[in-house]
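Chemist: File follows, target_25.txt with compact mmCIF, N, CA and C atoms:
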# COMPACT_ATOMS: atom_id res chain seq x y z
N MET A 1 0.85 -1.17 0.00
CA MET A 1 0.00 0.00 0.00
C MET A 1 0.89 1.23 0.00
N PHE A 2 0.54 2.21 -0.80
CA PHE A 2 1.30 3.44 -0.87
C PHE A 2 0.47 4.57 -0.26
N ARG A 3 1.14 5.46 0.38
CA ARG A 3 0.48 6.60 1.00
C ARG A 3 1.24 7.85 0.56
N HIS A 4 0.51 8.88 0.22
CA HIS A 4 1.14 10.12 -0.23
C HIS A 4 1.19 11.09 0.93
N LYS A 5 2.26 11.82 1.01
CA LYS A 5 2.33 12.90 1.99
C LYS A 5 2.96 14.11 1.33
N TRP A 6 2.62 15.25 1.83
CA TRP A 6 3.16 16.48 1.28
C TRP A 6 4.51 16.73 1.92
N SER A 7 5.49 16.94 1.11
CA SER A 7 6.83 17.22 1.60
C SER A 7 7.07 18.72 1.49
N PHE A 8 7.12 19.41 2.63
CA PHE A 8 7.23 20.85 2.62
C PHE A 8 8.61 21.33 2.20
N SER A 9 9.62 20.53 2.51
CA SER A 9 10.96 20.97 2.15
C SER A 9 11.18 20.89 0.64
N LEU A 10 10.57 19.90 -0.02
CA LEU A 10 10.74 19.76 -1.45
C LEU A 10 9.66 20.48 -2.25
N GLY A 11 8.52 20.73 -1.62
CA GLY A 11 7.43 21.41 -2.29
C GLY A 11 6.70 20.55 -3.30
N LYS A 12 6.82 19.24 -3.20
CA LYS A 12 6.12 18.35 -4.11
C LYS A 12 5.73 17.08 -3.37
N PHE A 13 4.86 16.30 -3.99
CA PHE A 13 4.43 15.06 -3.37
C PHE A 13 5.54 14.02 -3.42
N SER A 14 5.65 13.26 -2.35
CA SER A 14 6.57 12.13 -2.36
C SER A 14 5.77 10.91 -1.93
N THR A 15 6.18 9.76 -2.39
CA THR A 15 5.47 8.52 -2.07
C THR A 15 6.31 7.70 -1.12
N ILE A 16 5.68 7.25 -0.03
CA ILE A 16 6.38 6.38 0.90
C ILE A 16 5.63 5.07 0.99
N LYS A 17 6.34 4.00 1.19
CA LYS A 17 5.73 2.68 1.28
C LYS A 17 5.44 2.38 2.74
N ILE A 18 4.21 2.04 3.02
CA ILE A 18 3.81 1.65 4.37
C ILE A 18 3.28 0.24 4.28
N SER A 19 3.81 -0.62 5.11
CA SER A 19 3.41 -2.03 5.04
C SER A 19 1.94 -2.19 5.40
N ASP A 20 1.32 -3.24 4.85
CA ASP A 20 -0.08 -3.53 5.15
C ASP A 20 -0.27 -3.85 6.64
N THR A 21 0.74 -4.44 7.25
CA THR A 21 0.64 -4.77 8.67
C THR A 21 0.55 -3.51 9.50
N LEU A 22 1.35 -2.52 9.14
CA LEU A 22 1.35 -1.26 9.86
C LEU A 22 0.00 -0.57 9.73
N MET A 23 -0.53 -0.52 8.53
CA MET A 23 -1.81 0.16 8.31
C MET A 23 -2.99 -0.63 8.87
N SER A 24 -2.86 -1.94 9.03
CA SER A 24 -3.98 -2.73 9.53
C SER A 24 -4.31 -2.36 10.98
N ARG A 25 -3.37 -1.76 11.70
CA ARG A 25 -3.63 -1.36 13.07
C ARG A 25 -4.56 -0.16 13.15
N PHE A 26 -4.82 0.48 12.00
CA PHE A 26 -5.71 1.64 11.99
C PHE A 26 -7.18 1.26 11.83
N THR A 27 -7.49 0.01 11.65
CA THR A 27 -8.88 -0.39 11.46
C THR A 27 -9.63 -0.35 12.78
N ARG A 28 -10.91 -0.14 12.72
CA ARG A 28 -11.72 -0.05 13.93
C ARG A 28 -11.92 -1.40 14.61
N SER A 29 -11.64 -2.47 13.90
CA SER A 29 -11.86 -3.79 14.49
C SER A 29 -10.81 -4.13 15.54
N HIS A 30 -9.72 -3.40 15.57
CA HIS A 30 -8.68 -3.64 16.55
C HIS A 30 -8.83 -2.67 17.71
N ILE A 31 -8.52 -3.15 18.90
CA ILE A 31 -8.50 -2.27 20.06
C ILE A 31 -7.19 -1.49 20.03
N ILE A 32 -7.30 -0.21 20.19
CA ILE A 32 -6.10 0.63 20.15
C ILE A 32 -5.35 0.44 21.46
N PRO A 33 -4.08 0.05 21.39
CA PRO A 33 -3.32 -0.16 22.62
C PRO A 33 -3.01 1.15 23.31
N ASP A 34 -2.76 1.07 24.61
CA ASP A 34 -2.37 2.26 25.36
C ASP A 34 -1.06 2.81 24.81
N TRP A 35 -0.86 4.07 25.03
CA TRP A 35 0.36 4.72 24.57
C TRP A 35 1.52 4.29 25.47
N SER A 36 2.63 3.93 24.87
CA SER A 36 3.83 3.61 25.63
C SER A 36 4.56 4.91 25.95
N LEU A 37 5.47 4.84 26.89
CA LEU A 37 6.26 6.02 27.25
C LEU A 37 7.05 6.51 26.03
N HIS A 38 7.62 5.57 25.29
CA HIS A 38 8.37 5.92 24.07
C HIS A 38 7.48 6.67 23.07
N GLU A 39 6.25 6.19 22.87
CA GLU A 39 5.34 6.84 21.93
C GLU A 39 4.98 8.25 22.39
N MET A 40 4.73 8.40 23.70
CA MET A 40 4.37 9.73 24.22
C MET A 40 5.54 10.71 24.09
N LEU A 41 6.74 10.26 24.41
CA LEU A 41 7.90 11.14 24.29
C LEU A 41 8.15 11.53 22.84
N THR A 42 7.98 10.57 21.93
CA THR A 42 8.14 10.85 20.51
C THR A 42 7.08 11.84 20.04
N LEU A 43 5.85 11.68 20.52
CA LEU A 43 4.78 12.62 20.18
C LEU A 43 5.16 14.04 20.61
N VAL A 44 5.62 14.19 21.83
CA VAL A 44 5.99 15.51 22.34
C VAL A 44 7.12 16.11 21.50
N LEU A 45 8.11 15.29 21.16
CA LEU A 45 9.22 15.77 20.34
C LEU A 45 8.75 16.19 18.95
N GLU A 46 7.87 15.41 18.35
CA GLU A 46 7.36 15.75 17.02
C GLU A 46 6.52 17.02 17.05
N ILE A 47 5.74 17.20 18.10
CA ILE A 47 4.96 18.43 18.24
C ILE A 47 5.90 19.63 18.32
N ASN A 48 6.95 19.49 19.11
CA ASN A 48 7.94 20.58 19.21
C ASN A 48 8.56 20.89 17.86
N VAL A 49 8.93 19.87 17.12
CA VAL A 49 9.57 20.06 15.81
C VAL A 49 8.62 20.77 14.85
N VAL A 50 7.40 20.28 14.76
CA VAL A 50 6.43 20.85 13.81
C VAL A 50 6.08 22.28 14.19
N TYR A 51 5.85 22.56 15.47
CA TYR A 51 5.47 23.90 15.86
C TYR A 51 6.65 24.86 15.85
N ASP A 52 7.88 24.36 16.04
CA ASP A 52 9.04 25.24 15.91
C ASP A 52 9.28 25.63 14.47
N LYS A 53 9.17 24.66 13.56
CA LYS A 53 9.42 24.94 12.15
C LYS A 53 8.29 25.73 11.52
N ARG A 54 7.06 25.45 11.92
CA ARG A 54 5.90 26.03 11.25
C ARG A 54 4.99 26.77 12.21
N GLY A 55 5.56 27.28 13.30
CA GLY A 55 4.81 27.90 14.38
C GLY A 55 3.63 28.75 13.98
N SER A 56 3.87 29.90 13.43
CA SER A 56 2.77 30.81 13.11
C SER A 56 2.60 30.93 11.60
N SER A 57 2.97 29.90 10.88
CA SER A 57 2.86 29.96 9.43
C SER A 57 1.40 29.79 9.00
N THR A 58 1.20 29.70 7.73
CA THR A 58 -0.16 29.63 7.19
C THR A 58 -0.74 28.22 7.21
N ILE A 59 -0.03 27.27 7.76
CA ILE A 59 -0.52 25.89 7.83
C ILE A 59 -1.55 25.79 8.95
N SER A 60 -2.69 25.19 8.66
CA SER A 60 -3.74 25.06 9.67
C SER A 60 -3.35 24.03 10.73
N ALA A 61 -4.04 24.09 11.85
CA ALA A 61 -3.79 23.13 12.94
C ALA A 61 -4.07 21.71 12.45
N HIS A 62 -5.11 21.54 11.65
CA HIS A 62 -5.43 20.22 11.11
C HIS A 62 -4.26 19.67 10.28
N GLN A 63 -3.68 20.50 9.46
CA GLN A 63 -2.55 20.07 8.64
C GLN A 63 -1.34 19.73 9.52
N LYS A 64 -1.13 20.52 10.57
CA LYS A 64 -0.01 20.23 11.47
C LYS A 64 -0.19 18.87 12.15
N TRP A 65 -1.42 18.54 12.57
CA TRP A 65 -1.66 17.24 13.20
C TRP A 65 -1.48 16.12 12.18
N ASN A 66 -1.85 16.36 10.92
CA ASN A 66 -1.60 15.36 9.88
C ASN A 66 -0.10 15.12 9.69
N ILE A 67 0.67 16.19 9.73
CA ILE A 67 2.13 16.08 9.60
C ILE A 67 2.69 15.28 10.77
N ILE A 68 2.23 15.59 11.97
CA ILE A 68 2.70 14.87 13.17
C ILE A 68 2.36 13.39 13.06
N GLY A 69 1.13 13.08 12.66
CA GLY A 69 0.73 11.68 12.48
C GLY A 69 1.57 10.97 11.44
N ASP A 70 1.85 11.64 10.33
CA ASP A 70 2.69 11.05 9.27
C ASP A 70 4.11 10.81 9.77
N HIS A 71 4.63 11.75 10.56
CA HIS A 71 5.98 11.57 11.10
C HIS A 71 6.03 10.36 12.04
N LEU A 72 5.01 10.19 12.86
CA LEU A 72 4.99 9.04 13.78
C LEU A 72 4.90 7.73 13.01
N ILE A 73 4.09 7.71 11.97
CA ILE A 73 3.98 6.51 11.14
C ILE A 73 5.33 6.19 10.50
N ALA A 74 6.03 7.21 10.03
CA ALA A 74 7.35 7.01 9.44
C ALA A 74 8.35 6.46 10.46
N LEU A 75 8.10 6.74 11.74
CA LEU A 75 8.96 6.24 12.81
C LEU A 75 8.45 4.90 13.38
N ASN A 76 7.53 4.26 12.66
CA ASN A 76 6.94 2.97 13.07
C ASN A 76 6.10 3.06 14.34
N ILE A 77 5.51 4.22 14.57
CA ILE A 77 4.57 4.38 15.68
C ILE A 77 3.20 4.50 15.03
N CYS A 78 2.37 3.51 15.26
CA CYS A 78 1.10 3.38 14.54
C CYS A 78 0.00 4.22 15.20
N ARG A 79 0.08 5.51 15.05
CA ARG A 79 -0.92 6.43 15.57
C ARG A 79 -1.28 7.42 14.48
N ASN A 80 -2.58 7.66 14.31
CA ASN A 80 -2.98 8.63 13.30
C ASN A 80 -3.10 10.02 13.92
N SER A 81 -3.42 11.00 13.11
CA SER A 81 -3.43 12.39 13.57
C SER A 81 -4.46 12.64 14.67
N SER A 82 -5.63 12.03 14.56
CA SER A 82 -6.65 12.27 15.59
C SER A 82 -6.26 11.61 16.92
N GLN A 83 -5.61 10.45 16.86
CA GLN A 83 -5.13 9.82 18.10
C GLN A 83 -4.06 10.69 18.75
N CYS A 84 -3.18 11.25 17.94
CA CYS A 84 -2.13 12.13 18.45
C CYS A 84 -2.74 13.37 19.11
N HIS A 85 -3.71 13.94 18.44
CA HIS A 85 -4.36 15.16 18.96
C HIS A 85 -5.07 14.87 20.29
N ARG A 86 -5.81 13.75 20.34
CA ARG A 86 -6.50 13.38 21.59
C ARG A 86 -5.52 13.13 22.72
N LYS A 87 -4.42 12.45 22.44
CA LYS A 87 -3.43 12.17 23.48
C LYS A 87 -2.79 13.45 23.96
N TRP A 88 -2.48 14.34 23.05
CA TRP A 88 -1.88 15.62 23.43
C TRP A 88 -2.85 16.41 24.32
N ASP A 89 -4.12 16.46 23.94
CA ASP A 89 -5.11 17.16 24.76
C ASP A 89 -5.20 16.55 26.15
N SER A 90 -5.14 15.23 26.23
CA SER A 90 -5.18 14.53 27.50
C SER A 90 -3.96 14.87 28.36
N LEU A 91 -2.78 14.86 27.75
CA LEU A 91 -1.55 15.18 28.48
C LEU A 91 -1.58 16.62 29.00
N ILE A 92 -2.05 17.54 28.16
CA ILE A 92 -2.13 18.94 28.57
C ILE A 92 -3.11 19.11 29.73
N SER A 93 -4.25 18.44 29.64
CA SER A 93 -5.25 18.51 30.70
C SER A 93 -4.69 18.00 32.03
N GLU A 94 -4.01 16.85 31.97
CA GLU A 94 -3.39 16.29 33.18
C GLU A 94 -2.34 17.25 33.74
N HIS A 95 -1.56 17.83 32.85
CA HIS A 95 -0.51 18.78 33.26
C HIS A 95 -1.12 19.95 34.03
N TYR A 96 -2.19 20.54 33.49
CA TYR A 96 -2.79 21.71 34.14
C TYR A 96 -3.49 21.34 35.44
N THR A 97 -4.03 20.13 35.53
CA THR A 97 -4.64 19.68 36.79
C THR A 97 -3.57 19.60 37.88
N ILE A 98 -2.44 19.02 37.55
CA ILE A 98 -1.35 18.89 38.52
C ILE A 98 -0.75 20.26 38.84
N LYS A 99 -0.60 21.09 37.83
CA LYS A 99 -0.05 22.43 38.04
C LYS A 99 -0.96 23.24 38.97
N ASP A 100 -2.27 23.12 38.78
CA ASP A 100 -3.23 23.80 39.64
C ASP A 100 -3.12 23.28 41.08
N TRP A 101 -3.02 21.97 41.22
CA TRP A 101 -2.88 21.37 42.56
C TRP A 101 -1.61 21.88 43.24
N GLU A 102 -0.52 21.90 42.49
CA GLU A 102 0.75 22.36 43.04
C GLU A 102 0.67 23.81 43.49
N SER A 103 0.04 24.67 42.70
CA SER A 103 -0.04 26.08 43.07
C SER A 103 -0.93 26.28 44.28
N ARG A 104 -2.03 25.49 44.38
CA ARG A 104 -2.89 25.60 45.56
C ARG A 104 -2.19 25.07 46.80
N SER A 105 -1.45 23.97 46.68
CA SER A 105 -0.79 23.40 47.85
C SER A 105 0.36 24.28 48.32
N ARG A 106 0.98 25.02 47.41
CA ARG A 106 2.09 25.90 47.75
C ARG A 106 1.62 27.09 48.58
N TYR A 107 0.39 27.56 48.34
CA TYR A 107 -0.10 28.75 49.02
C TYR A 107 -0.92 28.45 50.26
N GLN A 108 -0.93 27.20 50.69
CA GLN A 108 -1.64 26.87 51.91
C GLN A 108 -0.90 27.51 53.08
N THR A 109 -1.64 27.95 54.07
CA THR A 109 -1.01 28.60 55.22
C THR A 109 -0.27 27.57 56.06
N ALA A 110 0.64 28.04 56.85
CA ALA A 110 1.44 27.16 57.70
C ALA A 110 0.58 26.48 58.76
N SER A 111 -0.53 27.10 59.13
CA SER A 111 -1.40 26.52 60.16
C SER A 111 -2.23 25.34 59.62
N THR A 112 -2.36 25.24 58.31
CA THR A 112 -3.13 24.14 57.72
C THR A 112 -2.31 22.87 57.80
N SER A 113 -2.95 21.82 58.22
CA SER A 113 -2.28 20.53 58.33
C SER A 113 -1.94 20.01 56.94
N ARG A 114 -0.74 19.49 56.76
CA ARG A 114 -0.34 18.92 55.48
C ARG A 114 -1.17 17.69 55.14
N SER A 115 -1.76 17.04 56.13
CA SER A 115 -2.58 15.86 55.86
C SER A 115 -3.93 16.23 55.25
N ASN A 116 -4.27 17.51 55.25
CA ASN A 116 -5.52 17.95 54.65
C ASN A 116 -5.38 18.26 53.17
N GLY A 117 -4.31 17.82 52.56
CA GLY A 117 -4.18 18.01 51.12
C GLY A 117 -3.16 19.04 50.72
N GLY A 118 -2.28 19.46 51.61
CA GLY A 118 -1.30 20.46 51.29
C GLY A 118 -0.02 19.92 50.69
N ASP A 119 0.09 18.62 50.56
CA ASP A 119 1.31 18.02 50.01
C ASP A 119 1.40 18.22 48.51
N SER A 120 2.62 18.18 48.04
CA SER A 120 2.85 18.22 46.60
C SER A 120 2.26 16.97 45.97
N TYR A 121 1.79 17.11 44.75
CA TYR A 121 1.24 15.97 44.02
C TYR A 121 2.25 14.84 43.97
N TRP A 122 3.51 15.18 43.77
CA TRP A 122 4.57 14.19 43.57
C TRP A 122 4.89 13.44 44.85
N CYS A 123 4.50 13.97 46.01
CA CYS A 123 4.76 13.31 47.29
C CYS A 123 3.57 12.49 47.78
N LEU A 124 2.43 12.65 47.15
CA LEU A 124 1.23 11.94 47.59
C LEU A 124 1.27 10.47 47.19
N GLU A 125 0.79 9.62 48.08
CA GLU A 125 0.63 8.20 47.75
C GLU A 125 -0.55 8.07 46.79
N SER A 126 -0.60 6.97 46.06
CA SER A 126 -1.66 6.79 45.05
C SER A 126 -3.05 6.77 45.69
N ASP A 127 -3.19 6.21 46.89
CA ASP A 127 -4.49 6.21 47.57
C ASP A 127 -4.95 7.62 47.89
N LYS A 128 -4.02 8.45 48.35
CA LYS A 128 -4.34 9.84 48.67
C LYS A 128 -4.71 10.62 47.41
N ARG A 129 -3.99 10.36 46.31
CA ARG A 129 -4.33 11.01 45.04
C ARG A 129 -5.74 10.64 44.61
N LYS A 130 -6.08 9.37 44.79
CA LYS A 130 -7.42 8.91 44.41
C LYS A 130 -8.48 9.58 45.27
N ASP A 131 -8.23 9.67 46.59
CA ASP A 131 -9.18 10.32 47.50
C ASP A 131 -9.39 11.79 47.15
N LEU A 132 -8.34 12.43 46.68
CA LEU A 132 -8.41 13.85 46.31
C LEU A 132 -8.89 14.07 44.88
N LYS A 133 -9.24 12.98 44.21
CA LYS A 133 -9.73 13.01 42.83
C LYS A 133 -8.69 13.58 41.86
N LEU A 134 -7.44 13.22 42.13
CA LEU A 134 -6.36 13.56 41.22
C LEU A 134 -5.98 12.31 40.45
N ARG A 135 -5.28 12.48 39.35
CA ARG A 135 -4.80 11.33 38.58
C ARG A 135 -3.87 10.52 39.45
N ILE A 136 -4.04 9.20 39.42
CA ILE A 136 -3.17 8.33 40.22
C ILE A 136 -1.77 8.34 39.64
N GLU A 137 -1.68 8.30 38.30
CA GLU A 137 -0.39 8.36 37.62
C GLU A 137 -0.44 9.48 36.60
N PHE A 138 0.70 10.08 36.39
CA PHE A 138 0.80 11.08 35.33
C PHE A 138 1.66 10.50 34.24
N ASP A 139 1.07 10.39 33.03
CA ASP A 139 1.81 9.82 31.90
C ASP A 139 2.99 10.69 31.61
The structure given in the file should be rewritten as structure tokens.
Modeler:
Amino acid sequence: MFRHKWSFSLGKFSTIKISDTLMSRFTRSHIIPDWSLHEMLTLVLEINVVYDKRGSSTISAHQKWNIIGDHLIALNICRNSSQCHRKWDSLISEHYTIKDWESRSRYQTASTSRSNGGDSYWCLESDKRKDLKLRIEFD
């Protein structure tokens, strides 16, 4: 199976070969596996590359996510653009939840007991995180 992608550096279409096995993971009949640490780190790096090179250019956000998805496929990471976008949104949401918790715990008064939720997110046990309705793990 051949897939076309736009090559911005060359300004013309280029054809890359993607194996049928690789593309078969994109069908709805398969359960999408959880993201591995390697996949998440690669996603973050690709986002940085794309937004650094094409930050405020005329390329739409949709096109940027397509580029990111194509780059991951080229690196043998079987994730499409919408999966990448959803994962990024999830990571950002988790980040801001933890950041908010950290800022609130930092400004607690000295008279407040640390057992009432004043600890840093990173110092909390998983049971305490669950009780406080925080993510048990941060990807």
Chemist: Please identify all polymer residues within 12 Å of Asn48 of chain A, counting only C-alpha atoms, omitting same-chain residues fewer than 5 positions from it, and present them as an mmCIF file with N, CA and C atoms, in the coordinates of the input.
Modeler:
data_model
loop_
_atom_site.group_PDB
_atom_site.id
_atom_site.type_symbol
_atom_site.label_atom_id
_atom_site.label_comp_id
_atom_site.auth_asym_id
_atom_site.auth_seq_id
_atom_site.Cartn_x
_atom_site.Cartn_y
_atom_site.Cartn_z
ATOM 1 N N LEU A 41 6.740 10.260 24.410
ATOM 2 C CA LEU A 41 7.900 11.140 24.290
ATOM 3 C C LEU A 41 8.150 11.530 22.840
ATOM 4 N N THR A 42 7.980 10.570 21.930
ATOM 5 C CA THR A 42 8.140 10.850 20.510
ATOM 6 C C THR A 42 7.080 11.840 20.040
ATOM 7 N N LEU A 43 5.850 11.680 20.520
ATOM 8 C CA LEU A 43 4.780 12.620 20.180
ATOM 9 C C LEU A 43 5.160 14.040 20.610
ATOM 10 N N LYS A 53 9.170 24.660 13.560
ATOM 11 C CA LYS A 53 9.420 24.940 12.150
ATOM 12 C C LYS A 53 8.290 25.730 11.520
ATOM 13 N N ARG A 54 7.060 25.450 11.920
ATOM 14 C CA ARG A 54 5.900 26.030 11.250
ATOM 15 C C ARG A 54 4.990 26.770 12.210
ATOM 16 N N GLY A 55 5.560 27.280 13.300
ATOM 17 C CA GLY A 55 4.810 27.900 14.380
ATOM 18 C C GLY A 55 3.630 28.750 13.980
ATOM 19 N N LYS A 64 -1.130 20.520 10.570
ATOM 20 C CA LYS A 64 -0.010 20.230 11.470
ATOM 21 C C LYS A 64 -0.190 18.870 12.150
ATOM 22 N N TRP A 65 -1.420 18.540 12.570
ATOM 23 C CA TRP A 65 -1.660 17.240 13.200
ATOM 24 C C TRP A 65 -1.480 16.120 12.180
ATOM 25 N N ILE A 68 2.230 15.590 11.970
ATOM 26 C CA ILE A 68 2.700 14.870 13.170
ATOM 27 C C ILE A 68 2.360 13.390 13.060
ATOM 28 N N TRP A 88 -2.480 14.340 23.050
ATOM 29 C CA TRP A 88 -1.880 15.620 23.430
ATOM 30 C C TRP A 88 -2.850 16.410 24.320
#
Chemist: Using backbone DSSP assignments, extract all helix (DSSP H, G or I) residues from segment 30-91 of chain A; output them as a ChimeraX atom specification.
Modeler: /A:37-54,61-74,81-91
Chemist: Mind giving me the straight-line distance from atom C of Ser81 of chain A to atom CA of Ile136 of chain A in Å, one decimal?
Modeler: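 Result for atom C of Ser81 of chain A versus atom CA of Ile136 of chain A: 25.9 Å, one decimal.
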